[in-house]
Amino acid sequence: MIVDVIKILFGGLCVGLASSVTVGPVAVLCIQRTLSKGHLSGLLSGLGVALADTIMAILAFSVYALLKSYIDEYNTIIQLCGGIFVVIVGVMIFFKNPVPQIRKNRAGESALWQDFVSMFGFTMANFVVVIPYILAFFTMFNIDLAMQAEVSADVAAMSHTISPMLNNVLVLGGFLLGAMLWWLALTSIINLFRKGFRPRHMLTINRIAGVVICALGLITLISVIIG
């Protein structure tokens, strides 16, 4: 059972990480605050984003569960579409230049709790864009959503069986952990090289993020085609 728990948790963590590895307006603001106000401000801003993403992951998770019968029926087509969507997003990230946005943004004076709340609200306001993006990664990683799982009496009686509710909690817990790890890593790296950091370095981060996202999408497409 421990192996199953780790596997489910890791799957959610991968979705959380993949969904967070972008350098859009939200990330730019978090990095801006890290540079101008310090690591804690940037980290709390990132954690606000992670919490908002997790709430939207729950919504995406619910949509996925409600449509699971259709997803199972058209799994190949959906995974292909999800892979293509992720590749397109990766290409857009790769070619996007965040430098003008960094120069335009200025982090004003605010309390740490305001940093957290403002980024939480900013991210939630973009739910129309974020939810389909997260949903694509749930589909791409083929996460087992057990909200509608039917467990036989014989299987349910086995002590090592993971209940559907626990499965979902582990996936979403892993998602939150993955998102938090990304923001912790990003703000820590930015803070570490704070004195020598220049806006053009954001372009490099975008390039790396775009390649990673594209690679994930291509792996999905190849696995679907070969499989």
# chains A, B, ... in the order shown; residues from 1 in each chain; ligands from 1
$ residues_around --residues "Phe10 (chain A)" --least-positions-apart "6" --cutoff "9 Å" --atoms "only C-alpha atoms" --output "list in words"
Leu170, Val171, Gly174, Phe175 and Gly178 of chain A
$ residues_around --residues "region 56-63 of chain A" --least-positions-apart "5" --cutoff "8 Å" --atoms "only C-alpha atoms" --output "mmCIF file with all heavy atoms, in the first residue's frame"
data_model
loop_
_atom_site.group_PDB
_atom_site.id
_atom_site.type_symbol
_atom_site.label_atom_id
_atom_site.label_comp_id
_atom_site.auth_asym_id
_atom_site.auth_seq_id
_atom_site.Cartn_x
_atom_site.Cartn_y
_atom_site.Cartn_z
ATOM 1 N N MET A 124 -6.713 33.324 -9.234
ATOM 2 C CA MET A 124 -8.096 32.866 -9.315
ATOM 3 C C MET A 124 -8.864 33.622 -10.387
ATOM 4 O O MET A 124 -9.767 33.071 -11.019
ATOM 5 C CB MET A 124 -8.790 33.048 -7.957
ATOM 6 C CG MET A 124 -8.309 32.105 -6.869
ATOM 7 S SD MET A 124 -8.657 30.357 -7.216
ATOM 8 C CE MET A 124 -10.448 30.327 -7.150
ATOM 9 N N PHE A 127 -9.043 31.977 -13.930
ATOM 10 C CA PHE A 127 -9.456 30.564 -13.905
ATOM 11 C C PHE A 127 -9.837 30.033 -15.283
ATOM 12 O O PHE A 127 -9.654 28.842 -15.563
ATOM 13 C CB PHE A 127 -10.629 30.381 -12.932
ATOM 14 C CG PHE A 127 -11.933 30.963 -13.411
ATOM 15 C CD1 PHE A 127 -12.855 30.164 -14.075
ATOM 16 C CD2 PHE A 127 -12.240 32.301 -13.196
ATOM 17 C CE1 PHE A 127 -14.067 30.696 -14.526
ATOM 18 C CE2 PHE A 127 -13.442 32.836 -13.635
ATOM 19 C CZ PHE A 127 -14.356 32.026 -14.302
ATOM 20 N N VAL A 130 -6.524 28.974 -16.674
ATOM 21 C CA VAL A 130 -5.754 28.024 -15.862
ATOM 22 C C VAL A 130 -6.389 26.636 -15.799
ATOM 23 O O VAL A 130 -5.696 25.622 -15.900
ATOM 24 C CB VAL A 130 -5.552 28.585 -14.436
ATOM 25 C CG1 VAL A 130 -4.798 27.574 -13.558
ATOM 26 C CG2 VAL A 130 -4.789 29.900 -14.478
ATOM 27 N N ILE A 131 -7.708 26.559 -15.631
ATOM 28 C CA ILE A 131 -8.369 25.257 -15.458
ATOM 29 C C ILE A 131 -8.167 24.337 -16.668
ATOM 30 O O ILE A 131 -7.795 23.169 -16.500
ATOM 31 C CB ILE A 131 -9.871 25.447 -15.136
ATOM 32 C CG1 ILE A 131 -10.014 25.994 -13.703
ATOM 33 C CG2 ILE A 131 -10.621 24.125 -15.258
ATOM 34 C CD1 ILE A 131 -11.443 26.230 -13.269
ATOM 35 N N PRO A 132 -8.393 24.807 -17.911
ATOM 36 C CA PRO A 132 -8.132 23.919 -19.061
ATOM 37 C C PRO A 132 -6.670 23.481 -19.131
ATOM 38 O O PRO A 132 -6.373 22.344 -19.533
ATOM 39 C CB PRO A 132 -8.506 24.784 -20.272
ATOM 40 C CG PRO A 132 -9.446 25.791 -19.739
ATOM 41 C CD PRO A 132 -8.963 26.087 -18.346
ATOM 42 N N ILE A 134 -4.568 23.025 -16.534
ATOM 43 C CA ILE A 134 -4.369 21.977 -15.529
ATOM 44 C C ILE A 134 -5.035 20.686 -15.982
ATOM 45 O O ILE A 134 -4.480 19.593 -15.831
ATOM 46 C CB ILE A 134 -4.934 22.427 -14.167
ATOM 47 C CG1 ILE A 134 -4.121 23.612 -13.622
ATOM 48 C CG2 ILE A 134 -4.916 21.269 -13.161
ATOM 49 C CD1 ILE A 134 -4.686 24.210 -12.346
ATOM 50 N N LEU A 135 -6.232 20.796 -16.547
ATOM 51 C CA LEU A 135 -6.966 19.623 -17.025
ATOM 52 C C LEU A 135 -6.179 18.879 -18.092
ATOM 53 O O LEU A 135 -6.163 17.638 -18.131
ATOM 54 C CB LEU A 135 -8.332 20.054 -17.575
ATOM 55 C CG LEU A 135 -9.330 18.963 -17.955
ATOM 56 C CD1 LEU A 135 -9.595 18.041 -16.774
ATOM 57 C CD2 LEU A 135 -10.624 19.574 -18.446
ATOM 58 N N PHE A 138 -3.651 16.750 -16.320
ATOM 59 C CA PHE A 138 -4.272 15.574 -15.715
ATOM 60 C C PHE A 138 -4.465 14.487 -16.773
ATOM 61 O O PHE A 138 -4.193 13.310 -16.549
ATOM 62 C CB PHE A 138 -5.642 15.929 -15.105
ATOM 63 C CG PHE A 138 -5.576 16.389 -13.680
ATOM 64 C CD1 PHE A 138 -6.194 17.563 -13.281
ATOM 65 C CD2 PHE A 138 -4.907 15.643 -12.722
ATOM 66 C CE1 PHE A 138 -6.137 17.993 -11.972
ATOM 67 C CE2 PHE A 138 -4.847 16.064 -11.398
ATOM 68 C CZ PHE A 138 -5.469 17.249 -11.024
ATOM 69 N N LEU A 145 -8.294 9.078 -11.711
ATOM 70 C CA LEU A 145 -9.250 9.780 -10.875
ATOM 71 C C LEU A 145 -10.318 8.804 -10.416
ATOM 72 O O LEU A 145 -10.999 8.202 -11.230
ATOM 73 C CB LEU A 145 -9.879 10.933 -11.653
ATOM 74 C CG LEU A 145 -8.855 11.936 -12.193
ATOM 75 C CD1 LEU A 145 -9.539 12.987 -13.025
ATOM 76 C CD2 LEU A 145 -8.103 12.570 -11.052
ATOM 77 N N LEU A 172 -4.405 15.385 -5.117
ATOM 78 C CA LEU A 172 -4.473 16.829 -4.903
ATOM 79 C C LEU A 172 -3.400 17.299 -3.923
ATOM 80 O O LEU A 172 -2.844 18.394 -4.077
ATOM 81 C CB LEU A 172 -5.860 17.214 -4.394
ATOM 82 C CG LEU A 172 -6.984 17.004 -5.424
ATOM 83 C CD1 LEU A 172 -8.342 17.190 -4.776
ATOM 84 C CD2 LEU A 172 -6.814 17.954 -6.598
ATOM 85 N N PHE A 175 -0.351 17.440 -5.914
ATOM 86 C CA PHE A 175 -0.408 18.626 -6.781
ATOM 87 C C PHE A 175 0.048 19.862 -6.017
ATOM 88 O O PHE A 175 0.881 20.640 -6.497
ATOM 89 C CB PHE A 175 -1.834 18.824 -7.297
ATOM 90 C CG PHE A 175 -1.990 19.998 -8.231
ATOM 91 C CD1 PHE A 175 -1.948 19.816 -9.603
ATOM 92 C CD2 PHE A 175 -2.167 21.288 -7.741
ATOM 93 C CE1 PHE A 175 -2.071 20.891 -10.471
ATOM 94 C CE2 PHE A 175 -2.291 22.370 -8.590
ATOM 95 C CZ PHE A 175 -2.246 22.165 -9.962
#
$ atom_distance --atom1 "CA of Arg194 (chain A)" --atom2 "CA of Gly38 (chain A)"
9.0 Å
$ residues_around --residues "Gly46 (chain A)" --least-positions-apart "6" --cutoff "8 Å" --atoms "only C-alpha atoms" --output "tab-separated table (two decimals) with N, CA, C and O atoms, in the first residue's frame"
chain	number	residue	atom	x	y	z
A	27	ALA	N	4.28	34.57	-12.50
A	27	ALA	CA	5.68	34.27	-12.14
A	27	ALA	C	6.53	35.53	-12.17
A	27	ALA	O	7.42	35.72	-11.33
A	30	CYS	N	5.99	37.39	-8.97
A	30	CYS	CA	6.65	36.72	-7.84
A	30	CYS	C	8.15	36.97	-7.87
A	30	CYS	O	8.77	37.23	-6.82
A	116	PHE	N	0.62	37.45	-0.34
A	116	PHE	CA	-0.02	36.14	-0.50
A	116	PHE	C	-1.42	36.29	-1.09
A	116	PHE	O	-1.77	35.65	-2.09
A	119	MET	N	-1.68	37.63	-4.85
A	119	MET	CA	-1.35	36.65	-5.88
A	119	MET	C	-2.39	35.55	-5.95
A	119	MET	O	-2.67	35.02	-7.03
A	180	MET	N	4.09	23.97	-4.72
A	180	MET	CA	4.87	24.65	-3.68
A	180	MET	C	6.37	24.45	-3.89
A	180	MET	O	7.15	25.40	-3.69
A	183	TRP	N	7.65	26.90	-6.61
A	183	TRP	CA	7.81	28.29	-6.18
A	183	TRP	C	8.94	28.43	-5.17
A	183	TRP	O	9.65	29.44	-5.16
A	184	LEU	N	9.12	27.41	-4.33
A	184	LEU	CA	10.24	27.43	-3.39
A	184	LEU	C	11.56	27.41	-4.14
A	184	LEU	O	12.48	28.18	-3.84
$ residues_around --residues "Phe122 (chain A)" --least-positions-apart "5" --cutoff "9 Å" --atoms "only C-alpha atoms" --output "PyMOL selection string"
chain A and resi 26+49+52+117
$ write_last_selection --atoms "all heavy atoms" --output "CSV table (one decimal), in the first residue's frame"
chain,number,residue,atom,x,y,z
A,26,VAL,N,2.1,36.0,-13.6
A,26,VAL,CA,2.1,35.6,-12.2
A,26,VAL,C,3.5,35.4,-11.7
A,26,VAL,O,4.0,35.9,-10.7
A,26,VAL,CB,1.3,34.3,-11.9
A,26,VAL,CG1,1.5,33.8,-10.5
A,26,VAL,CG2,-0.2,34.7,-12.1
A,49,VAL,N,-0.2,31.6,-5.2
A,49,VAL,CA,-0.4,31.1,-6.6
A,49,VAL,C,-0.7,29.6,-6.4
A,49,VAL,O,-1.6,29.0,-7.1
A,49,VAL,CB,0.7,31.3,-7.5
A,49,VAL,CG1,0.5,30.7,-8.9
A,49,VAL,CG2,1.0,32.8,-7.7
A,52,ALA,N,-4.1,28.8,-5.1
A,52,ALA,CA,-5.2,29.1,-6.1
A,52,ALA,C,-5.2,28.0,-7.1
A,52,ALA,O,-6.2,27.5,-7.6
A,52,ALA,CB,-4.9,30.5,-6.7
A,117,VAL,N,-2.2,37.2,-0.5
A,117,VAL,CA,-3.6,37.3,-0.9
A,117,VAL,C,-3.7,37.9,-2.3
A,117,VAL,O,-4.6,37.5,-3.1
A,117,VAL,CB,-4.4,38.2,0.1
A,117,VAL,CG1,-5.8,38.6,-0.4
A,117,VAL,CG2,-4.5,37.5,1.5
$ closest_residue --among "A:Thr187, A:Ser163, A:Met202, A:Gly196" --to "Asp4 (chain A)" --atoms "only C-alpha atoms"
A:Ser163
$ closest_residue --among "A:Phe94, A:Phe137, A:Trp182, A:Tyr74" --to "Leu216 (chain A)" --atoms "only C-alpha atoms"
A:Phe137
$ atom_distance --atom1 "CA of Cys14 (chain A)" --atom2 "CA of Arg198 (chain A)"
29.3 Å
$ atom_distance --atom1 "CA of Leu47 (chain A)" --atom2 "CA of Thr123 (chain A)"
11.1 Å
$ closest_residue --among "A:Leu177, A:Leu112, A:Ile219, A:Ile205" --to "Thr34 (chain A)" --atoms "only C-alpha atoms"
A:Leu112
